[in-house]
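Printed here is coords31.cif (mmCIF, C-alpha atoms):
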data_coords
#
loop_
_atom_site.group_PDB
_atom_site.id
_atom_site.type_symbol
_atom_site.label_atom_id
_atom_site.label_comp_id
_atom_site.auth_asym_id
_atom_site.auth_seq_id
_atom_site.Cartn_x
_atom_site.Cartn_y
_atom_site.Cartn_z
ATOM 1 C CA MET A 866 -21.049 -42.897 58.556
ATOM 2 C CA THR A 867 -21.526 -44.549 61.913
ATOM 3 C CA LEU A 868 -18.333 -45.055 63.861
ATOM 4 C CA TYR A 869 -19.275 -48.644 64.654
ATOM 5 C CA VAL A 870 -18.012 -49.654 61.193
ATOM 6 C CA PRO A 871 -14.427 -48.367 61.665
ATOM 7 C CA ALA A 872 -14.560 -49.703 65.236
ATOM 8 C CA ALA A 873 -15.231 -53.185 63.863
ATOM 9 C CA LEU A 874 -12.503 -52.795 61.220
ATOM 10 C CA LEU A 875 -9.979 -51.686 63.822
ATOM 11 C CA ALA A 876 -10.908 -54.510 66.195
ATOM 12 C CA ALA A 877 -10.513 -57.034 63.364
ATOM 13 C CA THR A 878 -7.137 -55.481 62.464
ATOM 14 C CA ALA A 879 -5.905 -55.860 66.046
ATOM 15 C CA VAL A 880 -7.029 -59.494 66.217
ATOM 16 C CA VAL A 881 -5.353 -60.370 62.910
ATOM 17 C CA LEU A 882 -2.095 -58.644 63.848
ATOM 18 C CA LEU A 883 -1.880 -60.192 67.313
ATOM 19 C CA GLY A 884 -2.848 -63.653 66.077
ATOM 20 C CA PRO A 885 -2.384 -64.927 62.502
ATOM 21 C CA ALA A 886 0.060 -62.227 61.397
ATOM 22 C CA SER A 887 2.323 -62.843 64.406
ATOM 23 C CA ALA A 888 2.242 -66.602 63.899
ATOM 24 C CA LEU A 889 3.069 -66.175 60.215
ATOM 25 C CA LEU A 890 6.022 -63.894 60.932
ATOM 26 C CA ALA A 891 7.337 -66.247 63.637
ATOM 27 C CA ARG A 892 7.518 -69.079 61.049
ATOM 28 C CA ALA A 893 8.988 -66.954 58.248
ATOM 29 C CA ARG A 894 12.479 -67.824 57.016
ATOM 30 C CA TRP A 895 13.078 -64.609 55.080
ATOM 31 C CA VAL A 896 13.730 -62.787 58.373
ATOM 32 C CA GLU A 897 17.225 -64.300 58.443
ATOM 33 C CA THR A 898 18.203 -62.224 55.413
ATOM 34 C CA ALA A 899 17.056 -58.967 57.038
ATOM 35 C CA PRO A 900 17.027 -59.365 60.837
ATOM 36 C CA ARG A 901 16.939 -55.677 61.696
ATOM 37 C CA ALA A 902 14.075 -55.017 59.290
ATOM 38 C CA ALA A 903 12.239 -58.019 60.728
ATOM 39 C CA VAL A 904 12.668 -56.614 64.245
ATOM 40 C CA GLY A 905 11.146 -53.359 63.011
ATOM 41 C CA LEU A 906 8.212 -55.303 61.591
ATOM 42 C CA TRP A 907 7.650 -57.075 64.920
ATOM 43 C CA GLN A 908 7.660 -53.698 66.674
ATOM 44 C CA THR A 909 5.268 -52.195 64.152
ATOM 45 C CA ILE A 910 2.829 -55.091 64.526
ATOM 46 C CA GLY A 911 2.647 -54.421 68.258
ATOM 47 C CA ILE A 912 2.250 -50.649 67.849
ATOM 48 C CA SER A 913 -0.355 -51.000 65.106
ATOM 49 C CA ALA A 914 -2.343 -53.543 67.130
ATOM 50 C CA LEU A 915 -2.281 -51.206 70.135
ATOM 51 C CA LEU A 916 -3.448 -48.255 68.036
ATOM 52 C CA SER A 917 -6.157 -50.388 66.455
ATOM 53 C CA GLY A 918 -7.461 -51.681 69.789
ATOM 54 C CA ALA A 919 -7.476 -48.255 71.440
ATOM 55 C CA GLY A 920 -8.923 -46.654 68.313
ATOM 56 C CA SER A 921 -11.732 -49.212 68.203
ATOM 57 C CA GLY A 922 -12.709 -48.404 71.774
ATOM 58 C CA LEU A 923 -12.570 -44.659 71.149
ATOM 59 C CA CYS A 924 -14.729 -44.993 68.032
ATOM 60 C CA VAL A 925 -17.438 -46.681 70.087
ATOM 61 C CA ALA A 926 -17.080 -44.082 72.858
ATOM 62 C CA THR A 927 -17.424 -41.123 70.456
ATOM 63 C CA GLU A 928 -20.247 -42.482 68.291
ATOM 64 C CA ARG A 929 -22.891 -40.721 70.428
ATOM 65 C CA TYR A 930 -21.629 -37.284 69.361
ATOM 66 C CA HIS A 931 -22.266 -37.904 65.614
ATOM 67 C CA ALA A 932 -19.342 -35.598 64.831
ATOM 68 C CA GLY A 933 -16.892 -38.032 63.244
ATOM 69 C CA PHE A 934 -13.884 -39.445 65.037
ATOM 70 C CA VAL A 935 -11.803 -36.273 65.405
ATOM 71 C CA GLY A 936 -14.794 -34.113 66.330
ATOM 72 C CA GLY A 937 -16.153 -36.767 68.678
ATOM 73 C CA LEU A 938 -12.751 -37.132 70.339
ATOM 74 C CA GLY A 939 -12.718 -33.379 70.967
ATOM 75 C CA ARG A 940 -16.208 -33.519 72.478
ATOM 76 C CA LEU A 941 -15.211 -36.484 74.633
ATOM 77 C CA PHE A 942 -12.122 -34.698 75.922
ATOM 78 C CA GLU A 943 -14.180 -31.587 76.614
ATOM 79 C CA GLY A 944 -16.621 -33.651 78.684
ATOM 80 C CA LEU A 945 -13.830 -35.314 80.635
ATOM 81 C CA THR A 946 -12.199 -31.990 81.506
ATOM 82 C CA SER A 947 -15.413 -30.058 82.263
ATOM 83 C CA GLY A 948 -16.399 -32.156 85.260
ATOM 84 C CA ARG A 949 -19.170 -34.027 83.400
ATOM 85 C CA PRO A 950 -17.335 -37.162 82.203
ATOM 86 C CA LEU A 951 -20.365 -39.477 82.435
ATOM 87 C CA GLU A 952 -23.007 -37.183 81.000
ATOM 88 C CA GLY A 953 -24.911 -39.004 78.252
ATOM 89 C CA LEU A 954 -22.653 -42.032 78.529
ATOM 90 C CA GLY A 955 -24.405 -45.262 77.560
ATOM 91 C CA LEU A 956 -23.267 -48.842 78.048
ATOM 92 C CA PRO A 957 -21.548 -49.176 74.611
ATOM 93 C CA ASP A 958 -19.818 -45.829 75.133
ATOM 94 C CA ALA A 959 -18.609 -46.858 78.587
ATOM 95 C CA LEU A 960 -17.306 -50.188 77.303
ATOM 96 C CA GLY A 961 -15.421 -48.511 74.435
ATOM 97 C CA LEU A 962 -13.902 -45.885 76.700
ATOM 98 C CA THR A 963 -12.922 -48.560 79.235
ATOM 99 C CA LEU A 964 -11.206 -50.622 76.524
ATOM 100 C CA ALA A 965 -9.144 -47.677 75.318
ATOM 101 C CA ALA A 966 -8.247 -46.550 78.850
ATOM 102 C CA ASP A 967 -7.377 -50.055 80.057
ATOM 103 C CA LEU A 968 -5.045 -50.679 77.129
ATOM 104 C CA ALA A 969 -3.206 -47.447 77.800
ATOM 105 C CA VAL A 970 -3.032 -47.783 81.591
ATOM 106 C CA VAL A 971 -2.107 -51.483 81.699
ATOM 107 C CA LEU A 972 0.603 -51.183 79.078
ATOM 108 C CA VAL A 973 2.087 -48.003 80.563
ATOM 109 C CA CYS A 974 2.136 -49.512 84.060
ATOM 110 C CA LEU A 975 3.558 -52.794 82.767
ATOM 111 C CA LEU A 976 6.248 -51.075 80.730
ATOM 112 C CA GLY A 977 7.122 -48.811 83.642
ATOM 113 C CA ALA A 978 7.400 -51.674 86.148
ATOM 114 C CA VAL A 979 9.411 -53.878 83.785
ATOM 115 C CA THR A 980 11.714 -50.995 82.839
ATOM 116 C CA ILE A 981 12.486 -50.172 86.469
ATOM 117 C CA ARG A 982 13.112 -53.815 87.382
ATOM 118 C CA THR A 983 15.260 -54.500 84.319
ATOM 119 C CA VAL A 984 17.326 -51.324 84.707
ATOM 120 C CA ARG A 985 17.997 -52.151 88.360
ATOM 121 C CA THR A 986 18.977 -55.730 87.540
ATOM 122 C CA ARG A 987 21.357 -54.609 84.815
ATOM 123 C CA ALA A 988 22.892 -51.928 87.043
ATOM 124 C CA ARG A 989 23.415 -54.452 89.848
ATOM 125 C CA HIS A 990 25.075 -56.907 87.493
ATOM 126 C CA ARG A 991 27.321 -54.235 86.003
ATOM 127 C CA HIS A 992 28.410 -53.316 89.533
ATOM 128 C CA LEU A 993 29.180 -56.965 90.315
ATOM 129 C CA VAL A 994 31.214 -57.290 87.127
ATOM 130 C CA ASP A 995 33.220 -54.190 88.036
ATOM 131 C CA LEU A 996 33.934 -55.692 91.468
ATOM 132 C CA LEU A 997 34.756 -59.221 90.337
ATOM 133 C CA SER A 998 36.691 -58.647 87.132
ATOM 134 C CA ARG A 999 40.406 -58.936 87.852
ATOM 135 C CA ARG A 1000 41.638 -57.336 84.674
ATOM 136 C CA ARG A 1001 40.603 -55.821 81.373
ATOM 137 C CA HIS A 1002 41.089 -57.312 77.941
ATOM 138 C CA ASP A 1003 43.001 -55.250 75.384
ATOM 139 C CA SER A 1004 39.631 -54.345 73.856
ATOM 140 C CA GLY A 1005 38.358 -52.978 77.157
ATOM 141 C CA ALA A 1006 36.121 -55.958 77.956
ATOM 142 C CA ALA A 1007 35.943 -57.067 81.589
ATOM 143 C CA VAL A 1008 37.586 -60.454 82.150
ATOM 144 C CA LEU A 1009 36.033 -62.775 84.745
ATOM 145 C CA ASP A 1010 38.001 -65.582 86.349
ATOM 146 C CA VAL A 1011 35.508 -68.251 85.281
ATOM 147 C CA ARG A 1012 36.411 -71.593 83.702
ATOM 148 C CA ALA A 1013 33.262 -71.759 81.573
ATOM 149 C CA ALA A 1014 33.669 -70.221 78.107
ATOM 150 C CA VAL A 1015 31.219 -67.305 78.101
ATOM 151 C CA ALA A 1016 30.959 -63.843 76.609
ATOM 152 C CA TYR A 1017 28.086 -61.431 76.964
ATOM 153 C CA CYS A 1018 26.998 -57.790 76.957
ATOM 154 C CA ILE A 1019 25.120 -56.095 79.801
ATOM 155 C CA PRO A 1020 23.086 -53.276 78.214
ATOM 156 C CA GLY A 1021 22.818 -49.787 79.654
ATOM 157 C CA ILE A 1022 23.967 -46.207 79.216
ATOM 158 C CA LYS A 1023 27.460 -47.519 79.892
ATOM 159 C CA PRO A 1024 27.236 -51.141 78.705
ATOM 160 C CA ARG A 1025 29.682 -53.773 79.885
ATOM 161 C CA ILE A 1026 31.186 -56.385 77.607
ATOM 162 C CA VAL A 1027 32.269 -59.411 79.600
ATOM 163 C CA VAL A 1028 34.448 -62.374 78.600
ATOM 164 C CA SER A 1029 35.623 -65.241 80.772
ATOM 165 C CA GLU A 1030 39.118 -66.638 81.190
ATOM 166 C CA GLY A 1031 37.678 -69.909 79.910
ATOM 167 C CA ALA A 1032 36.719 -68.270 76.625
ATOM 168 C CA LEU A 1033 40.142 -66.654 76.244
ATOM 169 C CA ASP A 1034 41.799 -70.033 76.828
ATOM 170 C CA LEU A 1035 39.467 -71.829 74.412
ATOM 171 C CA LEU A 1036 39.560 -69.409 71.486
ATOM 172 C CA ASP A 1037 42.405 -68.039 69.422
ATOM 173 C CA LYS A 1038 42.926 -64.303 68.926
ATOM 174 C CA THR A 1039 40.840 -63.958 65.751
ATOM 175 C CA GLU A 1040 37.977 -65.857 67.373
ATOM 176 C CA VAL A 1041 38.138 -63.696 70.494
ATOM 177 C CA ASP A 1042 38.108 -60.555 68.331
ATOM 178 C CA ALA A 1043 35.020 -61.848 66.486
ATOM 179 C CA VAL A 1044 33.259 -62.700 69.753
ATOM 180 C CA LEU A 1045 33.913 -59.271 71.229
ATOM 181 C CA ALA A 1046 32.802 -57.593 67.995
ATOM 182 C CA HIS A 1047 29.517 -59.508 68.286
ATOM 183 C CA GLU A 1048 29.008 -58.198 71.825
ATOM 184 C CA ARG A 1049 29.939 -54.663 70.740
ATOM 185 C CA GLY A 1050 27.215 -54.998 68.120
ATOM 186 C CA HIS A 1051 24.634 -55.472 70.891
ATOM 187 C CA ALA A 1052 25.944 -52.423 72.719
ATOM 188 C CA HIS A 1053 26.372 -50.191 69.659
ATOM 189 C CA GLU A 1054 22.902 -50.925 68.234
ATOM 190 C CA ARG A 1055 21.192 -50.572 71.640
ATOM 191 C CA HIS A 1056 19.574 -54.001 71.567
ATOM 192 C CA GLY A 1057 18.772 -53.652 75.265
ATOM 193 C CA LEU A 1058 16.346 -50.833 74.460
ATOM 194 C CA VAL A 1059 14.788 -52.855 71.656
ATOM 195 C CA MET A 1060 14.024 -55.778 73.977
ATOM 196 C CA LEU A 1061 12.856 -53.657 76.914
ATOM 197 C CA PRO A 1062 9.183 -53.257 75.837
ATOM 198 C CA LEU A 1063 8.938 -57.002 75.183
ATOM 199 C CA VAL A 1064 10.328 -58.122 78.531
ATOM 200 C CA GLY A 1065 7.537 -59.472 80.691
ATOM 201 C CA ILE A 1066 4.608 -59.172 78.275
ATOM 202 C CA SER A 1067 4.422 -62.957 77.878
ATOM 203 C CA LYS A 1068 3.800 -63.278 81.629
ATOM 204 C CA VAL A 1069 0.866 -60.853 81.578
ATOM 205 C CA PHE A 1070 -0.541 -61.447 78.106
ATOM 206 C CA GLY A 1071 0.549 -65.056 77.571
ATOM 207 C CA PHE A 1072 -2.806 -65.904 76.036
ATOM 208 C CA VAL A 1073 -2.054 -63.544 73.121
ATOM 209 C CA PRO A 1074 0.059 -65.145 70.346
ATOM 210 C CA TYR A 1075 2.061 -61.941 69.797
ATOM 211 C CA ALA A 1076 3.058 -61.790 73.473
ATOM 212 C CA ARG A 1077 4.313 -65.393 73.357
ATOM 213 C CA LEU A 1078 6.020 -65.261 69.977
ATOM 214 C CA ALA A 1079 7.546 -61.783 69.757
ATOM 215 C CA PRO A 1080 10.092 -61.879 72.655
ATOM 216 C CA PRO A 1081 11.977 -65.061 71.603
ATOM 217 C CA ALA A 1082 11.729 -64.180 67.914
ATOM 218 C CA VAL A 1083 13.097 -60.656 68.403
ATOM 219 C CA ALA A 1084 15.852 -61.935 70.719
ATOM 220 C CA ALA A 1085 16.989 -64.416 68.052
ATOM 221 C CA LEU A 1086 16.904 -61.714 65.360
ATOM 222 C CA LEU A 1087 19.009 -59.392 67.510
ATOM 223 C CA GLU A 1088 21.633 -62.134 67.814
ATOM 224 C CA MET A 1089 21.688 -62.368 64.010
ATOM 225 C CA ALA A 1090 21.993 -58.584 63.754
ATOM 226 C CA ALA A 1091 24.967 -58.702 66.140
ATOM 227 C CA ASP A 1092 26.477 -61.474 64.005
ATOM 228 C CA ASP A 1093 26.169 -59.198 60.967
ATOM 229 C CA TYR A 1094 27.816 -56.349 62.900
ATOM 230 C CA ALA A 1095 30.709 -58.651 63.792
ATOM 231 C CA VAL A 1096 31.336 -60.070 60.317
ATOM 232 C CA ARG A 1097 31.491 -56.566 58.836
ATOM 233 C CA ARG A 1098 34.504 -55.959 61.097
ATOM 234 C CA GLN A 1099 36.052 -59.360 61.770
ATOM 235 C CA ASP A 1100 36.586 -62.685 60.031
ATOM 236 C CA ARG A 1101 33.331 -64.551 59.339
ATOM 237 C CA ASN A 1102 34.904 -67.993 59.723
ATOM 238 C CA ALA A 1103 36.356 -66.990 63.089
ATOM 239 C CA LEU A 1104 32.884 -66.081 64.364
ATOM 240 C CA VAL A 1105 31.451 -69.371 63.100
ATOM 241 C CA SER A 1106 34.248 -71.299 64.770
ATOM 242 C CA ALA A 1107 33.744 -69.418 68.044
ATOM 243 C CA LEU A 1108 29.988 -70.071 67.971
ATOM 244 C CA VAL A 1109 30.546 -73.779 67.543
ATOM 245 C CA SER A 1110 33.247 -73.922 70.221
ATOM 246 C CA MET A 1111 31.151 -72.020 72.758
ATOM 247 C CA ALA A 1112 27.813 -73.661 71.980
ATOM 248 C CA THR A 1113 27.850 -75.536 75.283
ATOM 249 C CA ALA A 1114 28.628 -72.459 77.401
ATOM 250 C CA GLY A 1115 27.430 -72.338 80.996
ATOM 251 C CA ALA A 1116 24.550 -70.405 82.536
ATOM 252 C CA LEU A 1117 24.383 -66.701 81.702
ATOM 253 C CA PRO A 1118 22.614 -63.770 83.390
ATOM 254 C CA ALA A 1119 19.105 -63.208 82.083
ATOM 255 C CA CYS A 1120 19.723 -59.458 81.817
ATOM 256 C CA SER A 1121 22.482 -59.905 79.220
ATOM 257 C CA PHE A 1122 22.962 -60.582 75.525
ATOM 258 C CA ALA A 1123 25.264 -63.580 75.058
ATOM 259 C CA LEU A 1124 27.193 -64.852 72.071
ATOM 260 C CA THR A 1125 25.433 -68.209 72.302
ATOM 261 C CA GLY A 1126 21.949 -66.717 72.694
ATOM 262 C CA GLY A 1127 19.278 -67.878 70.268
ATOM 263 C CA SER A 1128 19.559 -70.915 68.025
ATOM 264 C CA VAL A 1129 23.281 -71.420 67.451
ATOM 265 C CA SER A 1130 22.776 -74.021 64.713
ATOM 266 C CA ARG A 1131 20.441 -71.690 62.828
ATOM 267 C CA ARG A 1132 22.885 -68.816 63.142
ATOM 268 C CA VAL A 1133 25.852 -70.936 62.021
ATOM 269 C CA GLU A 1134 23.901 -72.173 59.012
ATOM 270 C CA ARG A 1135 23.020 -68.586 58.171
ATOM 271 C CA LEU A 1136 26.616 -67.372 58.459
ATOM 272 C CA VAL A 1137 28.083 -70.048 56.200
ATOM 273 C CA ARG A 1138 25.748 -69.201 53.334
ATOM 274 C CA PRO A 1139 27.271 -67.195 50.452
ATOM 275 C CA SER A 1140 25.042 -64.197 51.229
ATOM 276 C CA THR A 1141 22.996 -63.414 54.330
ATOM 277 C CA SER A 1142 21.552 -60.020 53.403
ATOM 278 C CA SER A 1143 18.995 -58.825 50.892
ATOM 279 C CA ALA A 1144 18.309 -55.168 50.102
ATOM 280 C CA ARG A 1145 15.063 -56.156 48.384
ATOM 281 C CA THR A 1146 13.844 -57.947 51.505
ATOM 282 C CA VAL A 1147 14.767 -54.980 53.689
ATOM 283 C CA LEU A 1148 12.811 -52.648 51.393
ATOM 284 C CA ALA A 1149 9.762 -54.940 51.359
ATOM 285 C CA ALA A 1150 9.780 -55.379 55.148
ATOM 286 C CA SER A 1151 10.168 -51.635 55.697
ATOM 287 C CA GLY A 1152 7.289 -50.941 53.319
ATOM 288 C CA ALA A 1153 5.088 -53.476 55.115
ATOM 289 C CA ALA A 1154 5.946 -51.882 58.479
ATOM 290 C CA LEU A 1155 5.009 -48.416 57.226
ATOM 291 C CA ALA A 1156 1.754 -49.740 55.768
ATOM 292 C CA LEU A 1157 0.814 -51.457 59.031
ATOM 293 C CA LEU A 1158 1.558 -48.304 61.002
ATOM 294 C CA ALA A 1159 -0.513 -46.174 58.624
ATOM 295 C CA LEU A 1160 -3.498 -48.558 58.478
ATOM 296 C CA PRO A 1161 -5.199 -47.713 61.809
ATOM 297 C CA LEU A 1162 -4.450 -44.018 61.347
ATOM 298 C CA ALA A 1163 -5.984 -44.086 57.869
ATOM 299 C CA ILE A 1164 -9.139 -45.801 59.163
ATOM 300 C CA LEU A 1165 -9.515 -43.282 61.994
ATOM 301 C CA LEU A 1166 -8.886 -40.198 59.884
ATOM 302 C CA ALA A 1167 -11.262 -41.371 57.133
ATOM 303 C CA VAL A 1168 -14.329 -41.011 59.376
#

Could I get this file's structure written as structure tokens?
Amino acid sequence: MTLYVPAALLAATAVVLLGPASALLARARWVETAPRAAVGLWQTIGISALLSGAGSGLCVATERYHAGFVGGLGRLFEGLTSGRPLEGLGLPDALGLTLAADLAVVLVCLLGAVTIRTVRTRARHRHLVDLLSRRRHDSGAAVLDVRAAVAYCIPGIKPRIVVSEGALDLLDKTEVDAVLAHERGHAHERHGLVMLPLVGISKVFGFVPYARLAPPAVAALLEMAADDYAVRRQDRNALVSALVSMATAGALPACSFALTGGSVSRRVERLVRPSTSSARTVLAASGAALALLALPLAILLAV
């Protein structure tokens, strides 16, 4: 079978995942019952679309060998390493190879640049917090002498949980404990690493629906996941009360995860429901993620 058929299927898969599928997931309400599973689905959509796009280009580039995808990929690699990379290369082959290479190079360079910039920004802010915090809360959180009621987590190998004097004055002890548990949820579940690949993609690929929709959607879901972490350890009503009280908090550093990040009204509504989790939804979302991840691999290995 000609490899142009799987190339077309993979290209169509990438377009659907980056467009309609992303828009559908961004509007879905079921994600509130399984935020962590929904984050995994967002990640899988991006990975599967990348594999599909690169696989489509490689299928076109290896068609000339008439040896199937795996055999053609071996022949292509052999040509690239033998000093004859352009031998027998036609226009369709060159375009396919360019597509696959550009996707890999652009994304690796983008991820590398964003990672370096974000890590430096977080490290600089952690250093400033260490310098400016006058004392430590009983929980170990750094306390800033700021009148605005704020609390946030700066991700990293050694994350910092920060709370302001304004927040400590505004909230009672149970509310403070719930707030700090929320921030510990961000640190414990490494939400900074989850967001890292999504930081900056909207600036480069803003014309792609996935690049516009995924970062804010995943950020909101991570806030819900931190809420779930907090209510498993602290009083649910205390967290709701703290969210409402701090809803008008001041400006926060862009490199942090804050208690009032995301849609506060949506999160409060979610927390006051009788149940905010669903094992069935988690199972369905996990199954969909595995299926999406396997789809491009199945298409490639079938030819």

- Query: Of the candidates A:Ser1143, A:Val904, A:Ile910, A:Ala872, which one gets nearest to Thr927 in chain A if we count all atoms listed in the file?
  - Reply: A:Ala872

- Considering all atoms listed in the file, state which residue in the set A:Ala919, A:Ala1032, A:Leu1155, A:Ala1167 is at the smallest distance from Leu1009 in chain A.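 Smallest separation from Leu1009 in chain A among the options: A:Ala1032.
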
- Message: Given the PyMOL selection byres ((chain A and resi 1026) around 10) and the file above, list the residues it selects as a PyMOL selection string.
- Response: chain A and resi 991+994+1002+1004-1008+1016-1020+1023-1025+1027-1028+1045-1049+1051-1052+1121-1123

- In Å, with one decimal, what is the gap from CA of Gly920 in chain A to CA of Gly1065 in chain A?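 Computing it gives 24.3 Å between the two atoms.
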
- Task: Please evaluate the PyMOL selection byres ((chain A and resi 1078-1091) around 9) against the displayed coordinates and give the resulting residues as a PyMOL selection string.
- Result: chain A and resi 887-888+891+896-897+899-901+903-904+907-908+911+1046-1051+1054+1056+1059-1060+1063-1067+1073-1077+1092-1096+1122-1128+1132+1135-1136

- Message: When you count all atoms listed in the file, which of these residues is closest to Leu882 in chain A: A:Ser913, A:Val870, A:Ala1043, A:Leu906?
- Response: A:Ser913

- Item | Straight-line distance linking CA of His931 in chain A with CA of Leu874 in chain A, stated in Å to one decimal |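 So the answer is 18.3 Å.
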
- Note on the structure: Students should find that CA of Ala873 in chain A and CA of Ser921 in chain A are spaced 6.8 Å

- Query: When distances are computed from all atoms listed in the file, which of A:Leu1165, A:Leu1058, A:Ala1014, A:Leu1036 shows the smallest separation from Ala1112 in chain A?
  - Reply: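 That would be A:Ala1014, the residue with the smallest distance to Ala1112 in chain A.
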
- Mind checking which residues fall within 10 Å of range 967-976 of chain A, counting only C-alpha atoms, ignoring those fewer than 2 positions away in the same chain, and posting them as a list in words? Leu915, Leu916, Gly918, Ala919, Gly922, Gly961, Leu962, Thr963, Leu964, Ala965, Ala978, Val979, Thr980, Ile981, Arg982, Leu1061, Pro1062, Leu1063, Val1064, Gly1065, Ile1066 and Val1069 of chain A
